[in-house]
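Novice: Below are the structure tokens for one structure; questions will follow.
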Amino acid sequence: MKIAICSDHGGFELKMRLIPFIEALGHEVSDLGCYSEASVDYPDMAFPAAEAVARGEYERGIAICGTGIGVSICCNKVRGIRCALCGDVLSAELTRRHNDSNMLAMGGRIIGAETAKAIVKTWLGTDFEGGRHENRIAKITAYEAEK
Ligand code: RB5
């Protein structure tokens, strides 16, 4: 899959550890910034990354800030994005199976690199279940279309 990844300074170190891990899983990763630990504003990375995923340039996106909260708020404001903030593997599995999330948010100051790798591997490797969940996603999409 083509994956967009972005972070602010609070997520930079974790992002740099995840990029080779995701590539080793066989995915193509584009780093949409930031590119150092210098302080930046997370919306400046999260909005462009989410918009690129929404346009279909990437199948999935991963956004990391200190807590994961700021980037998840931004990503979920972009039409067509369903961004799940995950700190555990079960949530990563269920958000793919039930929410068909197309972006994953994580907190670089909240979880360790090994937990993050397990979350990412599960999130990238789990399919949407469809069925009863289709209708729920359709309601989210319909709500977005009205706005
Ligand atoms: C940056 O200090 C921090 O506020 C940011 O990384 C994130 O945690 C915001 O939600």
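Chain labels A, B, ... are given in the sequence in which chains occur in the structure tokens; within each chain residues are numbered consecutively from 1, and ligands are likewise numbered from 1 in the order shown.
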Throw together the list of residues within 9 Å of ligand 1, counting only C-alpha atoms and all ligand atoms, and drop it here as a list in words.

Specialist: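 Answer in the requested format: Ser7, Asp8, His9, Gly10, Gly11, Ser39, Val40, Asp41, Tyr42, Ile64, Cys65, Gly66, Thr67, Gly68, Ile69, Gly70, Val71, Ser72, Ile73, Gly107, Gly108 and Arg109 of chain A.
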
Novice: For the residues in the current selection, export N, CA, C and O atoms as a PDB file, in the first residue's frame.

Specialist:
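Contents of result-v9.pdb, as written:
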```pdb
ATOM      1  N   SER A   7       4.115  13.930  11.151  1.00  0.00           N
ATOM      2  CA  SER A   7       4.208  14.151  12.596  1.00  0.00           C
ATOM      3  C   SER A   7       4.484  15.627  12.850  1.00  0.00           C
ATOM      4  O   SER A   7       4.836  16.372  11.927  1.00  0.00           O
ATOM      5  N   ASP A   8       4.359  16.007  14.119  1.00  0.00           N
ATOM      6  CA  ASP A   8       4.966  17.257  14.574  1.00  0.00           C
ATOM      7  C   ASP A   8       6.232  16.859  15.341  1.00  0.00           C
ATOM      8  O   ASP A   8       6.640  15.683  15.322  1.00  0.00           O
ATOM      9  N   HIS A   9       6.823  17.818  16.028  1.00  0.00           N
ATOM     10  CA  HIS A   9       8.053  17.522  16.774  1.00  0.00           C
ATOM     11  C   HIS A   9       7.827  16.491  17.870  1.00  0.00           C
ATOM     12  O   HIS A   9       8.706  15.692  18.166  1.00  0.00           O
ATOM     13  N   GLY A  10       6.619  16.475  18.444  1.00  0.00           N
ATOM     14  CA  GLY A  10       6.306  15.522  19.522  1.00  0.00           C
ATOM     15  C   GLY A  10       6.195  14.089  19.023  1.00  0.00           C
ATOM     16  O   GLY A  10       6.283  13.146  19.810  1.00  0.00           O
ATOM     17  N   GLY A  11       5.990  13.932  17.730  1.00  0.00           N
ATOM     18  CA  GLY A  11       5.880  12.598  17.151  1.00  0.00           C
ATOM     19  C   GLY A  11       7.024  12.231  16.240  1.00  0.00           C
ATOM     20  O   GLY A  11       7.061  11.132  15.677  1.00  0.00           O
ATOM     21  N   SER A  39      10.323  22.788  16.915  1.00  0.00           N
ATOM     22  CA  SER A  39       8.905  22.947  17.225  1.00  0.00           C
ATOM     23  C   SER A  39       8.113  23.463  16.018  1.00  0.00           C
ATOM     24  O   SER A  39       8.497  24.435  15.368  1.00  0.00           O
ATOM     25  N   VAL A  40       7.016  22.768  15.737  1.00  0.00           N
ATOM     26  CA  VAL A  40       6.124  23.134  14.636  1.00  0.00           C
ATOM     27  C   VAL A  40       4.683  23.029  15.132  1.00  0.00           C
ATOM     28  O   VAL A  40       4.437  22.563  16.244  1.00  0.00           O
ATOM     29  N   ASP A  41       3.745  23.451  14.303  1.00  0.00           N
ATOM     30  CA  ASP A  41       2.323  23.362  14.654  1.00  0.00           C
ATOM     31  C   ASP A  41       1.714  22.160  13.931  1.00  0.00           C
ATOM     32  O   ASP A  41       1.689  22.118  12.691  1.00  0.00           O
ATOM     33  N   TYR A  42       1.174  21.211  14.715  1.00  0.00           N
ATOM     34  CA  TYR A  42       0.701  19.945  14.110  1.00  0.00           C
ATOM     35  C   TYR A  42      -0.337  20.120  12.992  1.00  0.00           C
ATOM     36  O   TYR A  42      -0.345  19.311  12.052  1.00  0.00           O
ATOM     37  N   ILE A  64       1.196  11.463  13.721  1.00  0.00           N
ATOM     38  CA  ILE A  64       1.729  11.321  15.083  1.00  0.00           C
ATOM     39  C   ILE A  64       2.057  12.700  15.650  1.00  0.00           C
ATOM     40  O   ILE A  64       2.752  13.494  15.007  1.00  0.00           O
ATOM     41  N   CYS A  65       1.552  12.981  16.839  1.00  0.00           N
ATOM     42  CA  CYS A  65       1.999  14.163  17.584  1.00  0.00           C
ATOM     43  C   CYS A  65       2.314  13.692  19.001  1.00  0.00           C
ATOM     44  O   CYS A  65       2.456  12.488  19.228  1.00  0.00           O
ATOM     45  N   GLY A  66       2.436  14.613  19.938  1.00  0.00           N
ATOM     46  CA  GLY A  66       2.815  14.204  21.292  1.00  0.00           C
ATOM     47  C   GLY A  66       1.808  13.238  21.898  1.00  0.00           C
ATOM     48  O   GLY A  66       2.160  12.188  22.418  1.00  0.00           O
ATOM     49  N   THR A  67       0.545  13.620  21.826  1.00  0.00           N
ATOM     50  CA  THR A  67      -0.518  12.766  22.385  1.00  0.00           C
ATOM     51  C   THR A  67      -1.269  11.991  21.314  1.00  0.00           C
ATOM     52  O   THR A  67      -1.995  11.049  21.640  1.00  0.00           O
ATOM     53  N   GLY A  68      -1.185  12.420  20.085  1.00  0.00           N
ATOM     54  CA  GLY A  68      -2.010  11.868  19.004  1.00  0.00           C
ATOM     55  C   GLY A  68      -3.349  12.579  18.900  1.00  0.00           C
ATOM     56  O   GLY A  68      -4.072  12.418  17.907  1.00  0.00           O
ATOM     57  N   ILE A  69      -3.675  13.387  19.910  1.00  0.00           N
ATOM     58  CA  ILE A  69      -5.004  14.010  19.943  1.00  0.00           C
ATOM     59  C   ILE A  69      -5.103  15.157  18.939  1.00  0.00           C
ATOM     60  O   ILE A  69      -6.070  15.244  18.171  1.00  0.00           O
ATOM     61  N   GLY A  70      -4.106  16.027  18.945  1.00  0.00           N
ATOM     62  CA  GLY A  70      -4.153  17.181  18.030  1.00  0.00           C
ATOM     63  C   GLY A  70      -4.264  16.756  16.578  1.00  0.00           C
ATOM     64  O   GLY A  70      -5.118  17.249  15.824  1.00  0.00           O
ATOM     65  N   VAL A  71      -3.408  15.808  16.172  1.00  0.00           N
ATOM     66  CA  VAL A  71      -3.454  15.387  14.760  1.00  0.00           C
ATOM     67  C   VAL A  71      -4.764  14.668  14.441  1.00  0.00           C
ATOM     68  O   VAL A  71      -5.302  14.807  13.340  1.00  0.00           O
ATOM     69  N   SER A  72      -5.293  13.913  15.406  1.00  0.00           N
ATOM     70  CA  SER A  72      -6.548  13.193  15.120  1.00  0.00           C
ATOM     71  C   SER A  72      -7.705  14.174  14.957  1.00  0.00           C
ATOM     72  O   SER A  72      -8.571  13.989  14.091  1.00  0.00           O
ATOM     73  N   ILE A  73      -7.704  15.238  15.758  1.00  0.00           N
ATOM     74  CA  ILE A  73      -8.747  16.267  15.605  1.00  0.00           C
ATOM     75  C   ILE A  73      -8.675  16.876  14.206  1.00  0.00           C
ATOM     76  O   ILE A  73      -9.689  17.008  13.512  1.00  0.00           O
ATOM     77  N   GLY A 107       0.238   8.759  19.758  1.00  0.00           N
ATOM     78  CA  GLY A 107       0.940   9.741  20.578  1.00  0.00           C
ATOM     79  C   GLY A 107       2.374   9.311  20.832  1.00  0.00           C
ATOM     80  O   GLY A 107       2.614   8.326  21.542  1.00  0.00           O
ATOM     81  N   GLY A 108       3.305  10.061  20.290  1.00  0.00           N
ATOM     82  CA  GLY A 108       4.725   9.732  20.442  1.00  0.00           C
ATOM     83  C   GLY A 108       5.225   9.876  21.876  1.00  0.00           C
ATOM     84  O   GLY A 108       6.239   9.283  22.241  1.00  0.00           O
ATOM     85  N   ARG A 109       4.486  10.657  22.684  1.00  0.00           N
ATOM     86  CA  ARG A 109       4.873  10.814  24.088  1.00  0.00           C
ATOM     87  C   ARG A 109       4.036   9.913  24.991  1.00  0.00           C
ATOM     88  O   ARG A 109       4.167   9.977  26.225  1.00  0.00           O
TER      89      ARG A 109
END
```

Novice: Find the nearest atom pair between each residue of region 67-105 of chain A and region 125-144 of chain A for residues within 10 Å, count only C-alpha atoms, give distances in Å to one decimal, sort rows by chain and ascending number, and present the table as a tab-separated table.

Specialist:
```
residue	atom	partner	partner_atom	distance
A:Lys77	CA	A:Glu144	CA	9.6
A:Val78	CA	A:Glu144	CA	9.3
A:Arg79	CA	A:Glu144	CA	6.4
A:Gly80	CA	A:Thr141	CA	7.0
A:Ile81	CA	A:Thr141	CA	9.5
A:Arg82	CA	A:Ile140	CA	9.2
A:Ala92	CA	A:Thr126	CA	8.5
A:Glu93	CA	A:Thr126	CA	6.2
A:Leu94	CA	A:Thr126	CA	8.6
A:Thr95	CA	A:Phe128	CA	8.4
A:Arg96	CA	A:Phe128	CA	5.3
A:Arg97	CA	A:Phe128	CA	4.1
A:His98	CA	A:His133	CA	5.8
A:Asn99	CA	A:Ile137	CA	6.8
A:Asp100	CA	A:Phe128	CA	5.2
A:Ser101	CA	A:Phe128	CA	8.5
```

Novice: Would you please give, as a ChimeraX atom specification, all residues of chain A that DSSP assigns to alpha helix (DSSP H) based on the backbone?

Specialist: /A:9-24,43-54,69-75,89-99,113-125,132-146

Novice: Which residues come within 12 Å of Gly56 (chain A), counting only C-alpha atoms, excluding same-chain residues fewer than 4 positions away, as a ChimeraX atom specification?

Specialist: /A:1-4,49-52,60-61,80-81,102

Novice: Would you mind exporting the chosen residues as a PDB file, in the first residue's frame, restricted to N, CA, C and O atoms?

Specialist:
```
ATOM      1  N   MET A   1       0.843  -1.194   0.000  1.00  0.00           N
ATOM      2  CA  MET A   1       0.000   0.000   0.000  1.00  0.00           C
ATOM      3  C   MET A   1       0.883   1.252   0.000  1.00  0.00           C
ATOM      4  O   MET A   1       1.990   1.232   0.528  1.00  0.00           O
ATOM      5  N   LYS A   2       0.316   2.338  -0.532  1.00  0.00           N
ATOM      6  CA  LYS A   2       0.983   3.645  -0.427  1.00  0.00           C
ATOM      7  C   LYS A   2       0.493   4.315   0.858  1.00  0.00           C
ATOM      8  O   LYS A   2      -0.717   4.519   1.030  1.00  0.00           O
ATOM      9  N   ILE A   3       1.434   4.645   1.719  1.00  0.00           N
ATOM     10  CA  ILE A   3       1.114   5.188   3.041  1.00  0.00           C
ATOM     11  C   ILE A   3       1.720   6.578   3.187  1.00  0.00           C
ATOM     12  O   ILE A   3       2.923   6.756   2.950  1.00  0.00           O
ATOM     13  N   ALA A   4       0.909   7.548   3.606  1.00  0.00           N
ATOM     14  CA  ALA A   4       1.432   8.865   3.990  1.00  0.00           C
ATOM     15  C   ALA A   4       1.654   8.857   5.498  1.00  0.00           C
ATOM     16  O   ALA A   4       0.824   8.338   6.250  1.00  0.00           O
ATOM     17  N   ALA A  49      -1.616  16.045   5.022  1.00  0.00           N
ATOM     18  CA  ALA A  49      -1.555  14.575   4.940  1.00  0.00           C
ATOM     19  C   ALA A  49      -2.964  13.998   4.791  1.00  0.00           C
ATOM     20  O   ALA A  49      -3.218  13.127   3.947  1.00  0.00           O
ATOM     21  N   ALA A  50      -3.894  14.506   5.589  1.00  0.00           N
ATOM     22  CA  ALA A  50      -5.279  13.997   5.525  1.00  0.00           C
ATOM     23  C   ALA A  50      -5.908  14.324   4.170  1.00  0.00           C
ATOM     24  O   ALA A  50      -6.627  13.493   3.595  1.00  0.00           O
ATOM     25  N   GLU A  51      -5.617  15.499   3.659  1.00  0.00           N
ATOM     26  CA  GLU A  51      -6.179  15.867   2.351  1.00  0.00           C
ATOM     27  C   GLU A  51      -5.617  14.976   1.242  1.00  0.00           C
ATOM     28  O   GLU A  51      -6.341  14.588   0.320  1.00  0.00           O
ATOM     29  N   ALA A  52      -4.344  14.623   1.343  1.00  0.00           N
ATOM     30  CA  ALA A  52      -3.736  13.727   0.338  1.00  0.00           C
ATOM     31  C   ALA A  52      -4.379  12.339   0.400  1.00  0.00           C
ATOM     32  O   ALA A  52      -4.626  11.713  -0.637  1.00  0.00           O
ATOM     33  N   ARG A  60      -3.718   4.911   2.828  1.00  0.00           N
ATOM     34  CA  ARG A  60      -3.856   5.130   4.262  1.00  0.00           C
ATOM     35  C   ARG A  60      -2.890   6.218   4.713  1.00  0.00           C
ATOM     36  O   ARG A  60      -1.881   6.469   4.039  1.00  0.00           O
ATOM     37  N   GLY A  61      -3.173   6.776   5.880  1.00  0.00           N
ATOM     38  CA  GLY A  61      -2.287   7.772   6.457  1.00  0.00           C
ATOM     39  C   GLY A  61      -2.067   7.523   7.938  1.00  0.00           C
ATOM     40  O   GLY A  61      -2.947   6.993   8.630  1.00  0.00           O
ATOM     41  N   GLY A  80     -14.113  12.738   4.362  1.00  0.00           N
ATOM     42  CA  GLY A  80     -13.691  11.427   3.843  1.00  0.00           C
ATOM     43  C   GLY A  80     -12.673  10.734   4.724  1.00  0.00           C
ATOM     44  O   GLY A  80     -12.355   9.569   4.503  1.00  0.00           O
ATOM     45  N   ILE A  81     -12.176  11.458   5.732  1.00  0.00           N
ATOM     46  CA  ILE A  81     -11.184  10.847   6.630  1.00  0.00           C
ATOM     47  C   ILE A  81     -11.871  10.299   7.875  1.00  0.00           C
ATOM     48  O   ILE A  81     -12.683  10.962   8.510  1.00  0.00           O
ATOM     49  N   ASN A 102      -9.242   5.153   7.733  1.00  0.00           N
ATOM     50  CA  ASN A 102      -8.214   5.319   6.700  1.00  0.00           C
ATOM     51  C   ASN A 102      -7.015   6.108   7.211  1.00  0.00           C
ATOM     52  O   ASN A 102      -6.025   6.267   6.492  1.00  0.00           O
TER      53      ASN A 102
END
```

Novice: Between CA of Cys83 (chain A) and CA of Leu104 (chain A), what distance in Å does the model show, to one decimal?

Specialist: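 Pair CA of Cys83 (chain A) / CA of Leu104 (chain A) returns 5.4 Å.
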
Novice: Give me the residues within 10 Å of region 117-121 of chain A as a list in words, counting only C-alpha atoms and dropping any in the same chain fewer than 2 places off.

Specialist: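 Counting only C-alpha atoms, the residues come to Leu14, Arg17, Leu18, Ile19, Phe21, Ile22, Leu25, Ile62, Cys86, Gly87, Asp88, Val89, Leu90, Ser91, Ala92, Glu93, Leu104, Ala105, Met106, Gly112, Ala113, Glu114, Thr115, Trp123, Leu124, Gly125 and Thr126 of chain A.
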
Novice: I'd like to know which of A:Pro43, A:Glu37, A:Ala24, A:Ile5 is closest to Tyr58 (chain A), using only C-alpha atoms.

Specialist: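 Going through A:Pro43, A:Glu37, A:Ala24, A:Ile5 one by one, the smallest distance to Tyr58 (chain A) is for A:Ile5.
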
Novice: Any chance you could list, as a list in words, the residues in chain A that come up strand (DSSP E or B) when DSSP is run on the backbone?

Specialist: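 DSSP-assigned strand (DSSP E or B) residues in chain A: Lys2, Ile3, Ala4, Ile5, Cys6, Ser7, Glu28, Val29, Ser30, Asp31, Arg60, Gly61, Ile62, Ala63, Ile64, Cys65, Cys83, Ala84, Leu85, Met103, Leu104, Ala105, Met106 and Gly107 of chain A.
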
Novice: Would you compute the distance between CA of Val29 (chain A) and CA of Ala84 (chain A)? Give it in Å to one decimal.

Specialist: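 Taking CA of Val29 (chain A) as the start and CA of Ala84 (chain A) as the end point, the length is 18.9 Å.
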
Novice: In terms of the shortest atom-to-atom distance over only C-alpha atoms, which of A:Asp44, A:Ala116, A:Met103, A:Ala54 is closest to Met16 (chain A)?

Specialist: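 Ranking A:Asp44, A:Ala116, A:Met103, A:Ala54 by distance to Met16 (chain A), first place goes to A:Ala116.
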